[in-house]
Each structure stands twice: as structure tokens, then as C-alpha cells.
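Before any comments, here is the structure.
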Amino acid sequence: MSMRYVIIGGGIAGTTAAEELRKLDPSSEITIVSEEQHPIYSRVLLPHYIKGKIPRERVFLKKENWYSEQNIDWMPGVLAVYLDTKNKFVTLSNGREIEYDKMLIATGGEPRTIFENSRNISYLRSLSDADNFLELLNSRENNCNGEVFGGGFIACEYINLFAHFSIPTRVSLRGDFFWSKILDREPAEFVNQYLGKNGITLRKNVSFKDSFIEEELKNKSSIFGIGIGIETDFSWLKESGVEISSGIRANEFLETNIPDVYTAGDVAEFYDVIVGRHLKMGNWMSAMSQGRVVAQNMFGNKIVFELVSSYATNILGLEVIFIGDVSKESADEVRIIGSIEEGGITQLFGRKGQLVGAVLLNRNSDRQIITDFIKNKGLLPDKNRELLPELVEGSKKRE
Ligand SMILES: Cc1cc2nc3c(=O)[nH]c(=O)nc-3n(C[C@H](O)[C@H](O)[C@H](O)COP(=O)(O)OP(=O)(O)OC[C@H]3O[C@@H](n4cnc5c(N)ncnc54)[C@H](O)[C@@H]3O)c2cc1C
């Protein structure tokens, strides 16, 4: 009998896994259950589409007929609502129950929301969010302002988008800085100063649930871009026995604690063998390669997921790259190379002497060296000695 693979979530992790499984196991049954109505598209390209740099059809990575050509049973607009791991079936929002031999949970995340009832609010995760934002832009008044809430990558996308449309922008932060759980004082200050110099007004220590903000949302001449993180609905897994922490817990093979149930992508809290702890990685590179590796493991090979992934962006000309594990809380050492005066800063994260992650601000040339160093489990040198000489050299050249 042919193997039945069921994949919940048709984003880049789930779709890559399906594509890979089809190559590995031509006669198997593959199903993708996808809340989205559309074929797989690139979230990374959504800002380009909004800016009009690419037409809408260019965001799609596959056409609708790709699924049937690959003999993949694609179920768009359908949610998984209940998982029974003892009897190995999943119940869907259309009332169907489907049995599986191997199950992949690749459900990503949804934007965290505030005050959903306001019409001039925008979130930015899906293609329909992008369409909605375009509608808001097209119907805006002449004196329109951009109000961004949040201090992460999506907030940065909004800053760029408002700038592109010449809309004056104010950013409200929960604390004092962008990426407050990641950046040390000087790099954080660098970002704030850079944005200030580029015309962005920053408002600090704002409680997003304050009623005065609710009042502000009634201001129809503003568009509110909300980028306060993502969250995942785990309610359908409540009785499944699948272990959940901040994401779905998995080992280095992307196997959950339940046999034949796997996870990949933004939702996975996997054991990272390079940095030696469980973590979640919210980037495209990681989601895609987890899709590839998990397919191998679902097929029966035993492959360790091992990747130093990164997320690179540019905010009004400031180049920002996150590499590897950038949690300040789980690092036991943070070091800074460069400075505000030099116009570029690299922040390194160390744990148990090992370099595990880095944030690069206007120091793109450090990217490869650091990625290789983390991959090779390089140790941070003694504080008295030169720290990664190549990086310090790079910084001297810049002076
Ligand atoms: C605007 C934007 C720009 C970005 N830019 C970059 C970038 O420049 N570089 C970078 O590295 N990363 C970027 N990212 C992040 C990157 O897109 C994500 O890390 C990646 O798309 C995650 O893929 P995924 O397959 O894990 O999850 P998702 O893409 O979230 O896919 C999961 C799918 O599962 C569906 N789903 C959820 N629950 C269920 C259920 N119960 N039943 C059925 N289906 C369900 C969801 O609707 C979703 O379609 C960006 C993200 C956004 C939103």
C-alpha cells in the first residue's frame, strides 16, 4: 500500500516538503491542507508587490495546476481542526477526516492583533493583507500619516512602504528600542538615531492596549501598520499529545514527541545542533530547508537539520542582518564590534564560549565570516585577545 503523507500548512515549509516527498516517493499519496485560498506565494515579495515593483501574479511560486501535475491533493481554504494521533487521522473544517501514515505540521503563524474592529488597520503576513494595505493606500486622504506599531522586521517593512509612498511616519515602540530582546544598548541606539535622521518620529514606551491608542485608531487620516509579532493557534492540537512550548517541540530530525508527527518552518521549535538548544527561526531560508530535510525524514532517511540561517533586510538604507541564534536572554555573552561613529556595528552572541549568533548593522561584509564561524562551532576568543581578527580588520578598513 502506498504511503499517505498529510501536510498541514501550504507555506514554503509545507510546500517544499511536499515537492521533495513527491521526488522521493513517486507512488505515495500526498495531501496539503491549506488555510490559504491561493497557491504558494512568497511573503518576502509582498512589499515589492505593494510598491508596484512586481505585478501581483509574480508573487506566486507555483501555479494552481502544479499541484495536480505533481499528483498532490491540495485542499485550499481548509483548516485542520482536530488531530488524533492514536488513530492517526486529522479532522478538517469541511467536515472530512483524513488518515495519515506520516503527518507534517507546518502551520507558521498569524500576526498578533490589536483592536481588530478598526478599518484603517493593516497587518502584513498574507497576500490578502497586502491587498488590504493597497486598498487603504488607494483610498487615503491627502494628509495621511503612517502610524507603525512595533519594533521588529514587519515594522521595518511598514517604514519602507510608507516612505515609498511619501507618507510621514511615526513609530510607536513598546519599549525604548527596536528588537529590544535582541539588541544591546549601542546597536539599539544606532537604529533609533538612524531612523530619526531619516525623518521617522519615534514614540517610546507605548502600551498598545491603552485606550488612547484605541481613540487614535479612529483617526481616519492615518493608516496603522501593526507589526507586533506572530502567534500560532495550537487549539486543534490540544488532545493530540504533541508537545508544545513557544512552538511545536522537535528534535534535530524535526520529529515531534509523537511518532510519525513532524514539524517544520516558523512554527517549529527544533533542537539546533549547531547552537545546542531548542529555538524557533522565523525566516524563509530556514523554513525552506527544514521542508527539504523533514521530507527526507518522513520518507525514512535520518537527516539532521543543520543550518546557520539568516534574515536580511534594509530599512531606509540601513542594512540589517540577523544570523543564527540572536536571543540576548539565552546568550551568556554579548560583544560589540564597530560603533555608531564608525557607521556600522556587529553584535555577537556567545554561549558557553561558542559564537552562536550575530546582528550586523551596516556591516554586510561580516556576514560570510560569521556564518562560517558559527557553522564550525567557533569559540569566542579570550577577551584580552583580538576578537575574530578578520572582523576587526574589516572595521579598521571602514574607518
Ligand atoms: C511581509 C513579510 C516579509 C518577509 N520578508 C522576509 C525576508 O526578507 N527574509 C526572510 O528570511 N524572511 C522573511 N519573512 C518571513 C518568512 O516569510 C517566513 O519565515 C516564512 O514564510 C515561513 O514559512 P512557513 O511555511 O513556516 O509558514 P507560513 O508561511 O506561515 O505558512 C503556514 C501556512 O499554514 C496555514 N495554516 C495555519 N494553521 C493551519 C491549520 N490549522 N490548517 C491548515 N492550514 C493552516 C497558514 O494559513 C499558512 O498559510 C517575511 C514575512 C513577511 C510576512
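Chain labels A, B, ... are given in the sequence in which chains occur in the C-alpha cells; within each chain residues are numbered consecutively from 1, and ligands are likewise numbered from 1 in the order shown.
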
| When DSSP works through the backbone of this structure, what residues of region 170-337 of chain A end up as strand (DSSP E or B), shown as a ChimeraX atom specification? | /A:170-172,201-203,222-226,230-231,244,248-250,255,261-263,268-272,277-279,310-315,318-324,333-337

| said: Please identify all protein, DNA and RNA residues within 7 Å of ligand 1, counting only C-alpha atoms and all ligand atoms, and report them as a PyMOL selection string. | reply: chain A and resi 8-14+33-36+42-47+78-81+106-110+124-126+154+157+233+236+264-267+282-285+287+310-313

Determine, counting only C-alpha atoms, which protein, DNA and RNA residues have an atom within 9 Å of an atom of Pro187 (chain A); residues of the same chain fewer than 3 positions away are not included. Present the result as a PDB file with N, CA and C atoms, in the first residue's frame.
```pdb
ATOM      1  N   LEU A 183      18.855  43.450  20.747  1.00  0.00           N
ATOM      2  CA  LEU A 183      19.951  44.417  20.610  1.00  0.00           C
ATOM      3  C   LEU A 183      20.451  44.938  21.951  1.00  0.00           C
ATOM      4  N   ASP A 184      21.744  45.104  22.005  1.00  0.00           N
ATOM      5  CA  ASP A 184      22.390  45.766  23.128  1.00  0.00           C
ATOM      6  C   ASP A 184      22.200  47.281  22.963  1.00  0.00           C
ATOM      7  N   PHE A 190      21.851  53.013  17.749  1.00  0.00           N
ATOM      8  CA  PHE A 190      22.237  53.234  16.355  1.00  0.00           C
ATOM      9  C   PHE A 190      20.997  53.214  15.448  1.00  0.00           C
ATOM     10  N   VAL A 191      20.147  52.202  15.661  1.00  0.00           N
ATOM     11  CA  VAL A 191      18.932  52.078  14.838  1.00  0.00           C
ATOM     12  C   VAL A 191      18.036  53.296  15.068  1.00  0.00           C
ATOM     13  N   ASN A 192      17.817  53.646  16.331  1.00  0.00           N
ATOM     14  CA  ASN A 192      16.946  54.799  16.635  1.00  0.00           C
ATOM     15  C   ASN A 192      17.478  56.083  15.985  1.00  0.00           C
ATOM     16  N   ILE A 336      30.451  43.649  21.115  1.00  0.00           N
ATOM     17  CA  ILE A 336      30.168  44.632  20.071  1.00  0.00           C
ATOM     18  C   ILE A 336      31.444  44.931  19.286  1.00  0.00           C
ATOM     19  N   SER A 339      31.052  50.797  15.859  1.00  0.00           N
ATOM     20  CA  SER A 339      30.410  51.779  16.728  1.00  0.00           C
ATOM     21  C   SER A 339      29.500  52.685  15.899  1.00  0.00           C
ATOM     22  N   ILE A 340      28.744  53.481  16.618  1.00  0.00           N
ATOM     23  CA  ILE A 340      27.871  54.445  15.921  1.00  0.00           C
ATOM     24  C   ILE A 340      28.733  55.386  15.084  1.00  0.00           C
ATOM     25  N   GLY A 344      28.783  51.545  11.551  1.00  0.00           N
ATOM     26  CA  GLY A 344      28.433  50.124  11.417  1.00  0.00           C
ATOM     27  C   GLY A 344      28.728  49.377  12.704  1.00  0.00           C
ATOM     28  N   ILE A 345      27.825  48.477  13.085  1.00  0.00           N
ATOM     29  CA  ILE A 345      28.023  47.714  14.332  1.00  0.00           C
ATOM     30  C   ILE A 345      27.667  46.254  14.089  1.00  0.00           C
ATOM     31  N   THR A 346      28.504  45.379  14.614  1.00  0.00           N
ATOM     32  CA  THR A 346      28.157  43.963  14.657  1.00  0.00           C
ATOM     33  C   THR A 346      28.058  43.548  16.117  1.00  0.00           C
ATOM     34  N   GLN A 347      26.934  42.940  16.456  1.00  0.00           N
ATOM     35  CA  GLN A 347      26.752  42.445  17.830  1.00  0.00           C
ATOM     36  C   GLN A 347      26.841  40.921  17.795  1.00  0.00           C
ATOM     37  N   VAL A 359      24.127  40.060  15.008  1.00  0.00           N
ATOM     38  CA  VAL A 359      23.323  41.052  14.297  1.00  0.00           C
ATOM     39  C   VAL A 359      24.299  42.025  13.647  1.00  0.00           C
ATOM     40  N   LEU A 361      24.700  45.535  11.584  1.00  0.00           N
ATOM     41  CA  LEU A 361      24.066  46.785  11.162  1.00  0.00           C
ATOM     42  C   LEU A 361      25.049  47.510  10.265  1.00  0.00           C
TER      43      LEU A 361
END
```

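Distances from A:Ile121, A:Ala17, A:Leu104, A:Ser240 to Ala268 (chain A) were compared using only C-alpha atoms, and the smallest one belongs to A:Leu104.
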
Residue neighbourhood Tyr100 (chain A), 7 Å, only C-alpha atoms, exclusion window fewer than 2 positions, as a short mmCIF file (atom, residue, chain, number, x, y, z; two decimals) with C-alpha atoms, in the first residue's frame:
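Output file selection33.cif is given in full below:
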```
data_model
loop_
_atom_site.label_atom_id
_atom_site.label_comp_id
_atom_site.auth_asym_id
_atom_site.auth_seq_id
_atom_site.Cartn_x
_atom_site.Cartn_y
_atom_site.Cartn_z
CA ARG A 4 -0.08 8.59 3.00
CA TYR A 5 1.64 11.87 3.80
CA VAL A 6 -0.55 14.65 5.17
CA LYS A 88 -3.80 8.68 13.08
CA PHE A 89 -6.35 10.95 11.47
CA ILE A 98 -8.29 12.05 6.63
CA LYS A 102 3.12 10.49 8.36
CA MET A 103 1.96 13.94 9.35
#
```

| field | Shell of 10 Å around Gln37 (chain A), only C-alpha atoms, local chain residues under 4 positions omitted, as a PyMOL selection string | value | chain A and resi 10+75-78+127-128

| as a VMD selection string, which residues of region 66-155 of chain A does DSSP assign to helix (DSSP H, G or I)? | chain A and resid 66 to 69 127 to 138 153 to 155

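The spacing separating CA of Ser180 (chain A) from CA of Gly225 (chain A) amounts to 19.0 Å.
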